[in-house]
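Have a look at my_file-v4.pdb; it's PDB, N, CA and C atoms, pLDDT in the B column:
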ATOM      1  N   MET A   1      -5.880 -28.111 -50.675  1.00 54.00           N
ATOM      2  CA  MET A   1      -6.720 -27.634 -49.597  1.00 54.00           C
ATOM      3  C   MET A   1      -8.192 -27.656 -49.976  1.00 54.00           C
ATOM      4  N   ALA A   2      -8.489 -28.018 -51.177  1.00 64.00           N
ATOM      5  CA  ALA A   2      -9.877 -28.073 -51.592  1.00 64.00           C
ATOM      6  C   ALA A   2     -10.522 -29.406 -51.245  1.00 64.00           C
ATOM      7  N   ASP A   3      -9.814 -30.293 -50.583  1.00 72.00           N
ATOM      8  CA  ASP A   3     -10.330 -31.604 -50.225  1.00 72.00           C
ATOM      9  C   ASP A   3     -11.352 -31.464 -49.098  1.00 72.00           C
ATOM     10  N   LEU A   4     -12.606 -31.727 -49.406  1.00 77.00           N
ATOM     11  CA  LEU A   4     -13.675 -31.567 -48.422  1.00 77.00           C
ATOM     12  C   LEU A   4     -13.641 -32.612 -47.323  1.00 77.00           C
ATOM     13  N   SER A   5     -12.838 -33.650 -47.497  1.00 82.00           N
ATOM     14  CA  SER A   5     -12.755 -34.672 -46.458  1.00 82.00           C
ATOM     15  C   SER A   5     -11.829 -34.259 -45.307  1.00 82.00           C
ATOM     16  N   LEU A   6     -11.068 -33.184 -45.494  1.00 80.00           N
ATOM     17  CA  LEU A   6     -10.185 -32.707 -44.420  1.00 80.00           C
ATOM     18  C   LEU A   6     -11.002 -32.105 -43.292  1.00 80.00           C
ATOM     19  N   PRO A   7     -10.629 -32.377 -42.058  1.00 81.00           N
ATOM     20  CA  PRO A   7     -11.361 -31.796 -40.923  1.00 81.00           C
ATOM     21  C   PRO A   7     -11.135 -30.288 -40.834  1.00 81.00           C
ATOM     22  N   GLY A   8     -12.099 -29.606 -40.271  1.00 82.00           N
ATOM     23  CA  GLY A   8     -12.022 -28.149 -40.133  1.00 82.00           C
ATOM     24  C   GLY A   8     -10.830 -27.680 -39.328  1.00 82.00           C
ATOM     25  N   GLU A   9     -10.357 -28.507 -38.402  1.00 87.00           N
ATOM     26  CA  GLU A   9      -9.215 -28.098 -37.588  1.00 87.00           C
ATOM     27  C   GLU A   9      -7.954 -27.903 -38.426  1.00 87.00           C
ATOM     28  N   VAL A  10      -7.859 -28.585 -39.563  1.00 88.00           N
ATOM     29  CA  VAL A  10      -6.705 -28.406 -40.450  1.00 88.00           C
ATOM     30  C   VAL A  10      -6.715 -26.990 -41.014  1.00 88.00           C
ATOM     31  N   PHE A  11      -7.874 -26.543 -41.498  1.00 86.00           N
ATOM     32  CA  PHE A  11      -7.968 -25.192 -42.041  1.00 86.00           C
ATOM     33  C   PHE A  11      -7.699 -24.149 -40.960  1.00 86.00           C
ATOM     34  N   GLY A  12      -8.236 -24.379 -39.773  1.00 89.00           N
ATOM     35  CA  GLY A  12      -7.989 -23.464 -38.658  1.00 89.00           C
ATOM     36  C   GLY A  12      -6.517 -23.379 -38.314  1.00 89.00           C
ATOM     37  N   ALA A  13      -5.820 -24.520 -38.338  1.00 90.00           N
ATOM     38  CA  ALA A  13      -4.390 -24.541 -38.026  1.00 90.00           C
ATOM     39  C   ALA A  13      -3.587 -23.801 -39.090  1.00 90.00           C
ATOM     40  N   ILE A  14      -3.988 -23.927 -40.344  1.00 89.00           N
ATOM     41  CA  ILE A  14      -3.286 -23.232 -41.419  1.00 89.00           C
ATOM     42  C   ILE A  14      -3.497 -21.719 -41.312  1.00 89.00           C
ATOM     43  N   ILE A  15      -4.711 -21.310 -41.013  1.00 90.00           N
ATOM     44  CA  ILE A  15      -4.992 -19.884 -40.829  1.00 90.00           C
ATOM     45  C   ILE A  15      -4.207 -19.353 -39.635  1.00 90.00           C
ATOM     46  N   ALA A  16      -4.208 -20.097 -38.521  1.00 90.00           N
ATOM     47  CA  ALA A  16      -3.464 -19.673 -37.329  1.00 90.00           C
ATOM     48  C   ALA A  16      -1.972 -19.570 -37.624  1.00 90.00           C
ATOM     49  N   ALA A  17      -1.438 -20.522 -38.386  1.00 91.00           N
ATOM     50  CA  ALA A  17      -0.016 -20.486 -38.747  1.00 91.00           C
ATOM     51  C   ALA A  17       0.288 -19.260 -39.599  1.00 91.00           C
ATOM     52  N   THR A  18      -0.583 -18.974 -40.554  1.00 91.00           N
ATOM     53  CA  THR A  18      -0.382 -17.815 -41.423  1.00 91.00           C
ATOM     54  C   THR A  18      -0.379 -16.522 -40.618  1.00 91.00           C
ATOM     55  N   VAL A  19      -1.309 -16.402 -39.686  1.00 91.00           N
ATOM     56  CA  VAL A  19      -1.355 -15.205 -38.835  1.00 91.00           C
ATOM     57  C   VAL A  19      -0.090 -15.096 -37.994  1.00 91.00           C
ATOM     58  N   GLN A  20       0.328 -16.208 -37.395  1.00 91.00           N
ATOM     59  CA  GLN A  20       1.526 -16.199 -36.557  1.00 91.00           C
ATOM     60  C   GLN A  20       2.773 -15.856 -37.377  1.00 91.00           C
ATOM     61  N   ILE A  21       2.874 -16.403 -38.581  1.00 90.00           N
ATOM     62  CA  ILE A  21       4.009 -16.097 -39.454  1.00 90.00           C
ATOM     63  C   ILE A  21       4.044 -14.606 -39.765  1.00 90.00           C
ATOM     64  N   ASN A  22       2.901 -14.039 -40.111  1.00 88.00           N
ATOM     65  CA  ASN A  22       2.852 -12.616 -40.448  1.00 88.00           C
ATOM     66  C   ASN A  22       3.127 -11.731 -39.243  1.00 88.00           C
ATOM     67  N   GLU A  23       2.599 -12.093 -38.084  1.00 89.00           N
ATOM     68  CA  GLU A  23       2.809 -11.273 -36.886  1.00 89.00           C
ATOM     69  C   GLU A  23       4.262 -11.269 -36.424  1.00 89.00           C
ATOM     70  N   THR A  24       4.981 -12.362 -36.664  1.00 89.00           N
ATOM     71  CA  THR A  24       6.373 -12.456 -36.202  1.00 89.00           C
ATOM     72  C   THR A  24       7.376 -12.207 -37.330  1.00 89.00           C
ATOM     73  N   ARG A  25       6.851 -11.812 -38.497  1.00 87.00           N
ATOM     74  CA  ARG A  25       7.693 -11.613 -39.694  1.00 87.00           C
ATOM     75  C   ARG A  25       8.512 -12.858 -40.015  1.00 87.00           C
ATOM     76  N   GLY A  26       7.917 -14.009 -39.774  1.00 87.00           N
ATOM     77  CA  GLY A  26       8.532 -15.275 -40.108  1.00 87.00           C
ATOM     78  C   GLY A  26       9.355 -15.919 -39.016  1.00 87.00           C
ATOM     79  N   MET A  27       9.592 -15.221 -37.941  1.00 88.00           N
ATOM     80  CA  MET A  27      10.422 -15.759 -36.869  1.00 88.00           C
ATOM     81  C   MET A  27       9.534 -16.380 -35.784  1.00 88.00           C
ATOM     82  N   VAL A  28       8.797 -17.407 -36.164  1.00 89.00           N
ATOM     83  CA  VAL A  28       7.855 -18.069 -35.269  1.00 89.00           C
ATOM     84  C   VAL A  28       8.625 -18.878 -34.228  1.00 89.00           C
ATOM     85  N   PRO A  29       8.333 -18.686 -32.938  1.00 88.00           N
ATOM     86  CA  PRO A  29       8.986 -19.512 -31.911  1.00 88.00           C
ATOM     87  C   PRO A  29       8.733 -20.994 -32.184  1.00 88.00           C
ATOM     88  N   GLY A  30       9.769 -21.793 -32.150  1.00 86.00           N
ATOM     89  CA  GLY A  30       9.653 -23.217 -32.398  1.00 86.00           C
ATOM     90  C   GLY A  30       9.831 -23.609 -33.858  1.00 86.00           C
ATOM     91  N   SER A  31       9.945 -22.615 -34.741  1.00 91.00           N
ATOM     92  CA  SER A  31      10.176 -22.958 -36.148  1.00 91.00           C
ATOM     93  C   SER A  31      11.638 -23.336 -36.341  1.00 91.00           C
ATOM     94  N   THR A  32      11.898 -24.086 -37.386  1.00 92.00           N
ATOM     95  CA  THR A  32      13.270 -24.502 -37.673  1.00 92.00           C
ATOM     96  C   THR A  32      13.656 -24.015 -39.065  1.00 92.00           C
ATOM     97  N   ALA A  33      14.920 -23.693 -39.225  1.00 90.00           N
ATOM     98  CA  ALA A  33      15.418 -23.203 -40.509  1.00 90.00           C
ATOM     99  C   ALA A  33      16.146 -24.314 -41.242  1.00 90.00           C
ATOM    100  N   SER A  34      16.124 -24.230 -42.549  1.00 84.00           N
ATOM    101  CA  SER A  34      16.867 -25.161 -43.384  1.00 84.00           C
ATOM    102  C   SER A  34      18.353 -24.851 -43.265  1.00 84.00           C
ATOM    103  N   ALA A  35      19.183 -25.881 -43.146  1.00 87.00           N
ATOM    104  CA  ALA A  35      20.632 -25.668 -43.042  1.00 87.00           C
ATOM    105  C   ALA A  35      21.204 -25.082 -44.330  1.00 87.00           C
ATOM    106  N   LYS A  36      20.675 -25.496 -45.468  1.00 90.00           N
ATOM    107  CA  LYS A  36      21.192 -25.014 -46.747  1.00 90.00           C
ATOM    108  C   LYS A  36      20.581 -23.681 -47.171  1.00 90.00           C
ATOM    109  N   TRP A  37      19.380 -23.408 -46.732  1.00 87.00           N
ATOM    110  CA  TRP A  37      18.670 -22.212 -47.152  1.00 87.00           C
ATOM    111  C   TRP A  37      17.929 -21.632 -45.953  1.00 87.00           C
ATOM    112  N   PRO A  38      18.581 -20.773 -45.158  1.00 85.00           N
ATOM    113  CA  PRO A  38      17.988 -20.304 -43.898  1.00 85.00           C
ATOM    114  C   PRO A  38      16.697 -19.502 -44.054  1.00 85.00           C
ATOM    115  N   GLN A  39      16.411 -19.018 -45.266  1.00 89.00           N
ATOM    116  CA  GLN A  39      15.149 -18.295 -45.467  1.00 89.00           C
ATOM    117  C   GLN A  39      13.954 -19.250 -45.466  1.00 89.00           C
ATOM    118  N   GLN A  40      14.213 -20.530 -45.678  1.00 93.00           N
ATOM    119  CA  GLN A  40      13.143 -21.520 -45.647  1.00 93.00           C
ATOM    120  C   GLN A  40      12.988 -22.012 -44.219  1.00 93.00           C
ATOM    121  N   ARG A  41      11.766 -21.976 -43.730  1.00 94.00           N
ATOM    122  CA  ARG A  41      11.528 -22.384 -42.350  1.00 94.00           C
ATOM    123  C   ARG A  41      10.358 -23.364 -42.302  1.00 94.00           C
ATOM    124  N   ARG A  42      10.317 -24.128 -41.226  1.00 94.00           N
ATOM    125  CA  ARG A  42       9.227 -25.080 -40.986  1.00 94.00           C
ATOM    126  C   ARG A  42       8.660 -24.821 -39.591  1.00 94.00           C
ATOM    127  N   MET A  43       7.368 -25.017 -39.477  1.00 93.00           N
ATOM    128  CA  MET A  43       6.733 -24.875 -38.168  1.00 93.00           C
ATOM    129  C   MET A  43       5.662 -25.944 -38.015  1.00 93.00           C
ATOM    130  N   PRO A  44       5.447 -26.403 -36.775  1.00 93.00           N
ATOM    131  CA  PRO A  44       4.430 -27.424 -36.539  1.00 93.00           C
ATOM    132  C   PRO A  44       3.023 -26.860 -36.698  1.00 93.00           C
ATOM    133  N   LEU A  45       2.114 -27.701 -37.164  1.00 92.00           N
ATOM    134  CA  LEU A  45       0.704 -27.328 -37.281  1.00 92.00           C
ATOM    135  C   LEU A  45      -0.102 -28.041 -36.207  1.00 92.00           C
ATOM    136  N   GLY A  46      -0.976 -27.301 -35.573  1.00 88.00           N
ATOM    137  CA  GLY A  46      -1.787 -27.880 -34.511  1.00 88.00           C
ATOM    138  C   GLY A  46      -0.996 -27.955 -33.217  1.00 88.00           C
ATOM    139  N   ARG A  47      -1.672 -28.358 -32.182  1.00 86.00           N
ATOM    140  CA  ARG A  47      -1.037 -28.471 -30.870  1.00 86.00           C
ATOM    141  C   ARG A  47       0.102 -29.480 -30.931  1.00 86.00           C
ATOM    142  N   ASP A  48       1.290 -29.019 -30.630  1.00 85.00           N
ATOM    143  CA  ASP A  48       2.497 -29.858 -30.631  1.00 85.00           C
ATOM    144  C   ASP A  48       2.759 -30.539 -31.972  1.00 85.00           C
ATOM    145  N   GLY A  49       2.261 -29.957 -33.059  1.00 87.00           N
ATOM    146  CA  GLY A  49       2.539 -30.483 -34.387  1.00 87.00           C
ATOM    147  C   GLY A  49       1.781 -31.736 -34.764  1.00 87.00           C
ATOM    148  N   VAL A  50       0.678 -32.022 -34.083  1.00 91.00           N
ATOM    149  CA  VAL A  50      -0.046 -33.265 -34.347  1.00 91.00           C
ATOM    150  C   VAL A  50      -0.678 -33.309 -35.738  1.00 91.00           C
ATOM    151  N   LEU A  51      -0.898 -32.150 -36.354  1.00 92.00           N
ATOM    152  CA  LEU A  51      -1.547 -32.137 -37.668  1.00 92.00           C
ATOM    153  C   LEU A  51      -0.559 -32.204 -38.826  1.00 92.00           C
ATOM    154  N   GLY A  52       0.656 -31.738 -38.597  1.00 92.00           N
ATOM    155  CA  GLY A  52       1.633 -31.744 -39.678  1.00 92.00           C
ATOM    156  C   GLY A  52       2.624 -30.607 -39.553  1.00 92.00           C
ATOM    157  N   VAL A  53       3.150 -30.183 -40.708  1.00 94.00           N
ATOM    158  CA  VAL A  53       4.189 -29.160 -40.761  1.00 94.00           C
ATOM    159  C   VAL A  53       3.857 -28.182 -41.886  1.00 94.00           C
ATOM    160  N   ALA A  54       4.066 -26.908 -41.619  1.00 93.00           N
ATOM    161  CA  ALA A  54       3.945 -25.883 -42.655  1.00 93.00           C
ATOM    162  C   ALA A  54       5.345 -25.394 -42.998  1.00 93.00           C
ATOM    163  N   GLU A  55       5.616 -25.230 -44.284  1.00 94.00           N
ATOM    164  CA  GLU A  55       6.891 -24.690 -44.737  1.00 94.00           C
ATOM    165  C   GLU A  55       6.630 -23.311 -45.346  1.00 94.00           C
ATOM    166  N   TYR A  56       7.535 -22.394 -45.072  1.00 94.00           N
ATOM    167  CA  TYR A  56       7.395 -21.061 -45.651  1.00 94.00           C
ATOM    168  C   TYR A  56       8.768 -20.487 -45.933  1.00 94.00           C
ATOM    169  N   VAL A  57       8.787 -19.451 -46.763  1.00 93.00           N
ATOM    170  CA  VAL A  57      10.030 -18.793 -47.150  1.00 93.00           C
ATOM    171  C   VAL A  57       9.917 -17.320 -46.804  1.00 93.00           C
ATOM    172  N   ILE A  58      10.968 -16.796 -46.190  1.00 91.00           N
ATOM    173  CA  ILE A  58      11.052 -15.374 -45.881  1.00 91.00           C
ATOM    174  C   ILE A  58      11.810 -14.709 -47.033  1.00 91.00           C
ATOM    175  N   VAL A  59      11.149 -13.840 -47.765  1.00 89.00           N
ATOM    176  CA  VAL A  59      11.765 -13.150 -48.893  1.00 89.00           C
ATOM    177  C   VAL A  59      12.168 -11.755 -48.408  1.00 89.00           C
ATOM    178  N   ALA A  60      13.289 -11.709 -47.691  1.00 84.00           N
ATOM    179  CA  ALA A  60      13.729 -10.471 -47.052  1.00 84.00           C
ATOM    180  C   ALA A  60      14.332  -9.486 -48.043  1.00 84.00           C
ATOM    181  N   ASP A  61      14.798  -9.972 -49.197  1.00 86.00           N
ATOM    182  CA  ASP A  61      15.443  -9.094 -50.176  1.00 86.00           C
ATOM    183  C   ASP A  61      14.443  -8.291 -50.997  1.00 86.00           C
ATOM    184  N   ALA A  62      13.186  -8.665 -50.969  1.00 86.00           N
ATOM    185  CA  ALA A  62      12.170  -7.981 -51.766  1.00 86.00           C
ATOM    186  C   ALA A  62      11.832  -6.629 -51.142  1.00 86.00           C
ATOM    187  N   ASP A  63      11.257  -5.762 -51.942  1.00 88.00           N
ATOM    188  CA  ASP A  63      10.835  -4.453 -51.449  1.00 88.00           C
ATOM    189  C   ASP A  63       9.344  -4.301 -51.715  1.00 88.00           C
ATOM    190  N   PRO A  64       8.482  -4.438 -50.742  1.00 86.00           N
ATOM    191  CA  PRO A  64       8.754  -4.711 -49.343  1.00 86.00           C
ATOM    192  C   PRO A  64       8.971  -6.211 -49.103  1.00 86.00           C
ATOM    193  N   PRO A  65       9.633  -6.563 -48.007  1.00 83.00           N
ATOM    194  CA  PRO A  65       9.838  -7.983 -47.666  1.00 83.00           C
ATOM    195  C   PRO A  65       8.488  -8.685 -47.483  1.00 83.00           C
ATOM    196  N   TYR A  66       8.438  -9.962 -47.811  1.00 88.00           N
ATOM    197  CA  TYR A  66       7.200 -10.709 -47.631  1.00 88.00           C
ATOM    198  C   TYR A  66       7.515 -12.179 -47.339  1.00 88.00           C
ATOM    199  N   ILE A  67       6.460 -12.920 -47.007  1.00 90.00           N
ATOM    200  CA  ILE A  67       6.599 -14.329 -46.636  1.00 90.00           C
ATOM    201  C   ILE A  67       5.630 -15.139 -47.486  1.00 90.00           C
ATOM    202  N   VAL A  68       6.097 -16.291 -47.978  1.00 90.00           N
ATOM    203  CA  VAL A  68       5.276 -17.158 -48.814  1.00 90.00           C
ATOM    204  C   VAL A  68       5.140 -18.512 -48.122  1.00 90.00           C
ATOM    205  N   LEU A  69       3.913 -18.923 -47.886  1.00 90.00           N
ATOM    206  CA  LEU A  69       3.649 -20.279 -47.379  1.00 90.00           C
ATOM    207  C   LEU A  69       3.778 -21.211 -48.577  1.00 90.00           C
ATOM    208  N   THR A  70       4.781 -22.080 -48.576  1.00 91.00           N
ATOM    209  CA  THR A  70       5.083 -22.872 -49.764  1.00 91.00           C
ATOM    210  C   THR A  70       4.503 -24.273 -49.754  1.00 91.00           C
ATOM    211  N   ARG A  71       4.335 -24.863 -48.567  1.00 91.00           N
ATOM    212  CA  ARG A  71       3.844 -26.234 -48.518  1.00 91.00           C
ATOM    213  C   ARG A  71       3.253 -26.538 -47.160  1.00 91.00           C
ATOM    214  N   VAL A  72       2.239 -27.364 -47.155  1.00 91.00           N
ATOM    215  CA  VAL A  72       1.656 -27.879 -45.916  1.00 91.00           C
ATOM    216  C   VAL A  72       1.674 -29.395 -46.028  1.00 91.00           C
ATOM    217  N   GLN A  73       2.385 -30.034 -45.113  1.00 91.00           N
ATOM    218  CA  GLN A  73       2.449 -31.499 -45.096  1.00 91.00           C
ATOM    219  C   GLN A  73       1.642 -31.986 -43.901  1.00 91.00           C
ATOM    220  N   LEU A  74       0.568 -32.690 -44.192  1.00 90.00           N
ATOM    221  CA  LEU A  74      -0.303 -33.202 -43.134  1.00 90.00           C
ATOM    222  C   LEU A  74       0.083 -34.615 -42.770  1.00 90.00           C
ATOM    223  N   TYR A  75      -0.106 -34.961 -41.500  1.00 84.00           N
ATOM    224  CA  TYR A  75       0.175 -36.321 -41.034  1.00 84.00           C
ATOM    225  C   TYR A  75      -1.079 -37.150 -41.076  1.00 84.00           C
TER     226      TYR A  75
END
Take the structure from the file and write it as structure tokens.
Amino acid sequence: MADLSLPGEVFGAIIAATVQINETRGMVPGSTASAKWPQQRRMPLGRDGVLGVAEYVIVADADPPYIVLTRVQLY
């Protein structure tokens, strides 16, 4: 994310995704879960996913539960 050649809309989309993930406790509408590991989820970045995909993990067993953004794949 330190690449200065990335457009500002990418950073805005990542911030918006992070806020949405936290507000919904990881259950973002339109996100998809991994078949093998349901705690891992993916959500589109940008309008209709035009920028890429964000992957995150819901760590529900922790005290307190938390969410980790693990990867951002840009198109």
Can you pull out the residues contacting Leu51 in chain A? Cut-off 5 Å, using only N, CA and C atoms, and skip same-chain residues under 6 positions away; I want them as a PyMOL selection string. chain A and resi 45+74-75
Quick one: everything within 6 Å of Arg42 in chain A, counting all atoms listed in the file, minus sequence neighbours fewer than 3 positions away in the same chain. Send it as a list of chain:residue names.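 Here the answer would be A:Gly30, A:Ser31, A:Thr32, A:Ala33, A:Ser34, A:Ala54, A:Glu55, A:Tyr56.
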What is the distance between atom N of Gln40 in chain A and CA of Asp3 in chain A, in Å to one decimal? 27.3 Å
Quick one: residues within 8 Å of Val59 in chain A, only N, CA and C atoms, excluding same-chain residues fewer than 6 positions away - as a list in words?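 Near neighbours after the sequence-gap exclusion: Gln39, Gln40, Pro65, Tyr66, Ile67 and Val68 of chain A.
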Tell me, which residues of range 13-55 of chain A carry DSSP strand (DSSP E), written as a list in words?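 Selection result, strand (DSSP E) within range 13-55 of chain A: Thr32, Ala33, Gln40, Arg41, Arg42, Met43, Pro44, Leu45, Gly52, Val53, Ala54 and Glu55 of chain A.
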I need the residue nearest Ile14 in chain A from this list: A:Lys36, A:Ile58, A:Pro64, A:Gln73. Use only C-alpha atoms for the distance.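 Smallest separation from Ile14 in chain A among the options: A:Gln73.
You will find atom C of Leu69 in chain A at 18.9 Å from atom N of Glu9 in chain A.
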Please write out, as lines of an AutoDock Vina configuration file, where the centre of an axis-aligned box around all listed atoms of range 12-21 of chain A lies and how long its edges are, in Å to one decimal, after adding 3 Å on each side.
center_x = -2.1
center_y = -19.6
center_z = -39.0
size_x = 18.3
size_y = 15.9
size_z = 10.9
Can you tell me which residues surround range 16-18 of chain A at a distance of at most 8 Å, considering all atoms listed in the file, apart from same-chain residues fewer than 5 positions away, and format the answer as a list in words? Val10, Phe11, Glu23, Thr24, Met43, Pro44, Leu45, Gly46, Ala54 and Leu69 of chain A
